[in-house]
Amino acid sequence: MKRFSGFLLLLVAAALCFHSCDKGKTYGEKVEEERDMIKQFMSDSSFVVLGSFPSDSVFGSKEFVEYSDGVYLNVVDYGSERHFKTNDLVTVRFTEINLSTGIKISNMTSDNQGTHPDVFRYTYHSSTWQSGYFVYENGNEYPLLKTMYDTTAVPAGWLMPLSFLGDGAHVKLIVPHKMGHSDASYYVYPCYYEIKYGLSKR
């Protein structure tokens, strides 16, 4: 009888486990939810998607272009004619909004979470492959993005426009998980960014 009771409890536990696992969302379902979040955010913000870059390269404040990797881009300011190059130290002032939770982080001004911009080392490999890693600057100040998500890797979505931007550039981005930081990638959620890039004077 004891053996049967134990076996029955084991079956009930297994059934409960299977039921709870069955309720979990598949990766495909999470990706679909992410697409819906982006569409809703764009609709709520009255953003429009252009078929290509504006012929005069000038974006309206609510106009975006979509790249094949799912990143949406609006260029507010292209910056100087001196474009970013391999081994540049790039400063970043940014505001991030998690489109899943609405949580916002920012170092855009000194009264936000970070008093200094984040800084990363940039490497240009090709038009489709760029990389960057955060470095420590300004004494012992940690980069805000690294502090929040414990990663030195710069999100691929942040790097995507750098090959045609210069010192002082300012962009808006909608970045899906696959082009985002480690947390977004793991939990499958998109983020909206406003970013200002600069050349470190160090």
# chains A, B, ... in the order shown; residues from 1 in each chain; ligands from 1
>>> closest_atom_pairs(of="region 163-182 of chain A", to="region 189-198 of chain A", cutoff="7 Å", atoms="only C-alpha atoms", output="tab-separated table")
residue	atom	partner	partner_atom	distance
A:Asp167	CA	A:Gly198	CA	4.5
A:Gly168	CA	A:Gly198	CA	5.0
A:Ala169	CA	A:Tyr197	CA	5.2
A:His170	CA	A:Lys196	CA	4.4
A:Val171	CA	A:Ile195	CA	5.4
A:Lys172	CA	A:Glu194	CA	4.5
A:Leu173	CA	A:Tyr193	CA	5.0
A:Ile174	CA	A:Tyr192	CA	4.5
A:Val175	CA	A:Cys191	CA	5.3
A:Pro176	CA	A:Pro190	CA	4.3
A:His177	CA	A:Tyr189	CA	5.2
>>> closest_atom_pairs(of="region 32-69 of chain A", to="region 85-100 of chain A", cutoff="10 Å", atoms="only C-alpha atoms", output="tab-separated table")
residue	atom	partner	partner_atom	distance
A:Glu33	CA	A:Ser100	CA	9.4
A:Glu34	CA	A:Ser100	CA	8.0
A:Met37	CA	A:Leu99	CA	6.5
A:Ile38	CA	A:Leu99	CA	7.4
A:Gln40	CA	A:Leu99	CA	9.5
A:Phe41	CA	A:Leu99	CA	7.4
>>> write_last_selection(atoms="all heavy atoms", output="PDB file, in the first residue's frame")
ATOM      1  N   GLU A  33       4.909  37.157 -29.803  1.00  0.00           N
ATOM      2  CA  GLU A  33       4.519  38.167 -28.814  1.00  0.00           C
ATOM      3  C   GLU A  33       5.405  39.407 -28.943  1.00  0.00           C
ATOM      4  O   GLU A  33       4.927  40.539 -28.812  1.00  0.00           O
ATOM      5  CB  GLU A  33       4.627  37.603 -27.393  1.00  0.00           C
ATOM      6  CG  GLU A  33       3.449  36.762 -26.982  1.00  0.00           C
ATOM      7  CD  GLU A  33       3.469  36.419 -25.508  1.00  0.00           C
ATOM      8  OE1 GLU A  33       4.465  36.751 -24.813  1.00  0.00           O
ATOM      9  OE2 GLU A  33       2.497  35.817 -25.041  1.00  0.00           O
ATOM     10  N   GLU A  34       6.687  39.180 -29.184  1.00  0.00           N
ATOM     11  CA  GLU A  34       7.610  40.298 -29.352  1.00  0.00           C
ATOM     12  C   GLU A  34       7.203  41.149 -30.557  1.00  0.00           C
ATOM     13  O   GLU A  34       7.188  42.383 -30.482  1.00  0.00           O
ATOM     14  CB  GLU A  34       9.041  39.780 -29.534  1.00  0.00           C
ATOM     15  CG  GLU A  34      10.053  40.904 -29.746  1.00  0.00           C
ATOM     16  CD  GLU A  34      11.446  40.384 -30.011  1.00  0.00           C
ATOM     17  OE1 GLU A  34      11.615  39.531 -30.919  1.00  0.00           O
ATOM     18  OE2 GLU A  34      12.379  40.844 -29.324  1.00  0.00           O
ATOM     19  N   MET A  37       4.355  43.276 -29.593  1.00  0.00           N
ATOM     20  CA  MET A  37       4.768  44.394 -28.734  1.00  0.00           C
ATOM     21  C   MET A  37       5.307  45.541 -29.574  1.00  0.00           C
ATOM     22  O   MET A  37       4.998  46.715 -29.329  1.00  0.00           O
ATOM     23  CB  MET A  37       5.873  43.942 -27.762  1.00  0.00           C
ATOM     24  CG  MET A  37       5.439  43.107 -26.602  1.00  0.00           C
ATOM     25  SD  MET A  37       6.911  42.682 -25.608  1.00  0.00           S
ATOM     26  CE  MET A  37       6.515  40.990 -25.182  1.00  0.00           C
ATOM     27  N   ILE A  38       6.135  45.201 -30.567  1.00  0.00           N
ATOM     28  CA  ILE A  38       6.721  46.231 -31.430  1.00  0.00           C
ATOM     29  C   ILE A  38       5.629  46.937 -32.226  1.00  0.00           C
ATOM     30  O   ILE A  38       5.588  48.171 -32.299  1.00  0.00           O
ATOM     31  CB  ILE A  38       7.785  45.616 -32.361  1.00  0.00           C
ATOM     32  CG1 ILE A  38       9.002  45.153 -31.549  1.00  0.00           C
ATOM     33  CG2 ILE A  38       8.214  46.624 -33.428  1.00  0.00           C
ATOM     34  CD1 ILE A  38      10.027  44.364 -32.346  1.00  0.00           C
ATOM     35  N   GLN A  40       2.459  47.225 -31.511  1.00  0.00           N
ATOM     36  CA  GLN A  40       1.634  48.033 -30.612  1.00  0.00           C
ATOM     37  C   GLN A  40       2.346  49.319 -30.220  1.00  0.00           C
ATOM     38  O   GLN A  40       1.748  50.398 -30.204  1.00  0.00           O
ATOM     39  CB  GLN A  40       1.274  47.224 -29.356  1.00  0.00           C
ATOM     40  CG  GLN A  40       0.239  47.894 -28.474  1.00  0.00           C
ATOM     41  CD  GLN A  40      -1.101  48.062 -29.176  1.00  0.00           C
ATOM     42  OE1 GLN A  40      -1.658  47.100 -29.696  1.00  0.00           O
ATOM     43  NE2 GLN A  40      -1.610  49.295 -29.205  1.00  0.00           N
ATOM     44  N   PHE A  41       3.628  49.201 -29.904  1.00  0.00           N
ATOM     45  CA  PHE A  41       4.413  50.379 -29.525  1.00  0.00           C
ATOM     46  C   PHE A  41       4.474  51.378 -30.674  1.00  0.00           C
ATOM     47  O   PHE A  41       4.307  52.590 -30.477  1.00  0.00           O
ATOM     48  CB  PHE A  41       5.826  49.962 -29.107  1.00  0.00           C
ATOM     49  CG  PHE A  41       6.722  51.117 -28.777  1.00  0.00           C
ATOM     50  CD1 PHE A  41       6.560  51.823 -27.586  1.00  0.00           C
ATOM     51  CD2 PHE A  41       7.725  51.511 -29.648  1.00  0.00           C
ATOM     52  CE1 PHE A  41       7.387  52.905 -27.281  1.00  0.00           C
ATOM     53  CE2 PHE A  41       8.548  52.584 -29.352  1.00  0.00           C
ATOM     54  CZ  PHE A  41       8.381  53.283 -28.167  1.00  0.00           C
TER      55      PHE A  41
END
>>> atom_distance(atom1="CA of Asp56 (chain A)", atom2="CA of Ser43 (chain A)")
25.2 Å
>>> residues_around(residues="region 153-157 of chain A", least_positions_apart="5", cutoff="10 Å", atoms="only C-alpha atoms", output="VMD selection string")
chain A and resid 69 to 73 119 to 122 129 to 135 145 to 146 162 173 to 182 184 to 185 193
>>> atom_distance(atom1="CA of Pro54 (chain A)", atom2="CA of Asn74 (chain A)")
10.4 Å
>>> closest_residue(among="A:Asp118, A:Trp158, A:Ser127, A:Glu63", to="Tyr142 (chain A)", atoms="only C-alpha atoms")
A:Asp118
>>> atom_distance(atom1="CA of Val75 (chain A)", atom2="CA of Pro143 (chain A)")
24.0 Å
>>> closest_residue(among="A:Leu144, A:Phe164, A:Thr123, A:Leu159", to="Ile105 (chain A)", atoms="only C-alpha atoms")
A:Leu144
>>> residues_around(residues="Phe53 (chain A)", least_positions_apart="4", cutoff="9 Å", atoms="only C-alpha atoms", output="PDB file with C-alpha atoms, in the first residue's frame")
ATOM      1  CA  SER A  57      18.599  61.212 -45.911  1.00  0.00           C
ATOM      2  CA  VAL A  58      16.390  63.338 -43.644  1.00  0.00           C
ATOM      3  CA  PHE A  59      13.971  61.470 -41.380  1.00  0.00           C
ATOM      4  CA  PHE A  64      11.730  54.692 -39.325  1.00  0.00           C
ATOM      5  CA  VAL A  65      13.328  52.263 -41.739  1.00  0.00           C
TER       6      VAL A  65
END
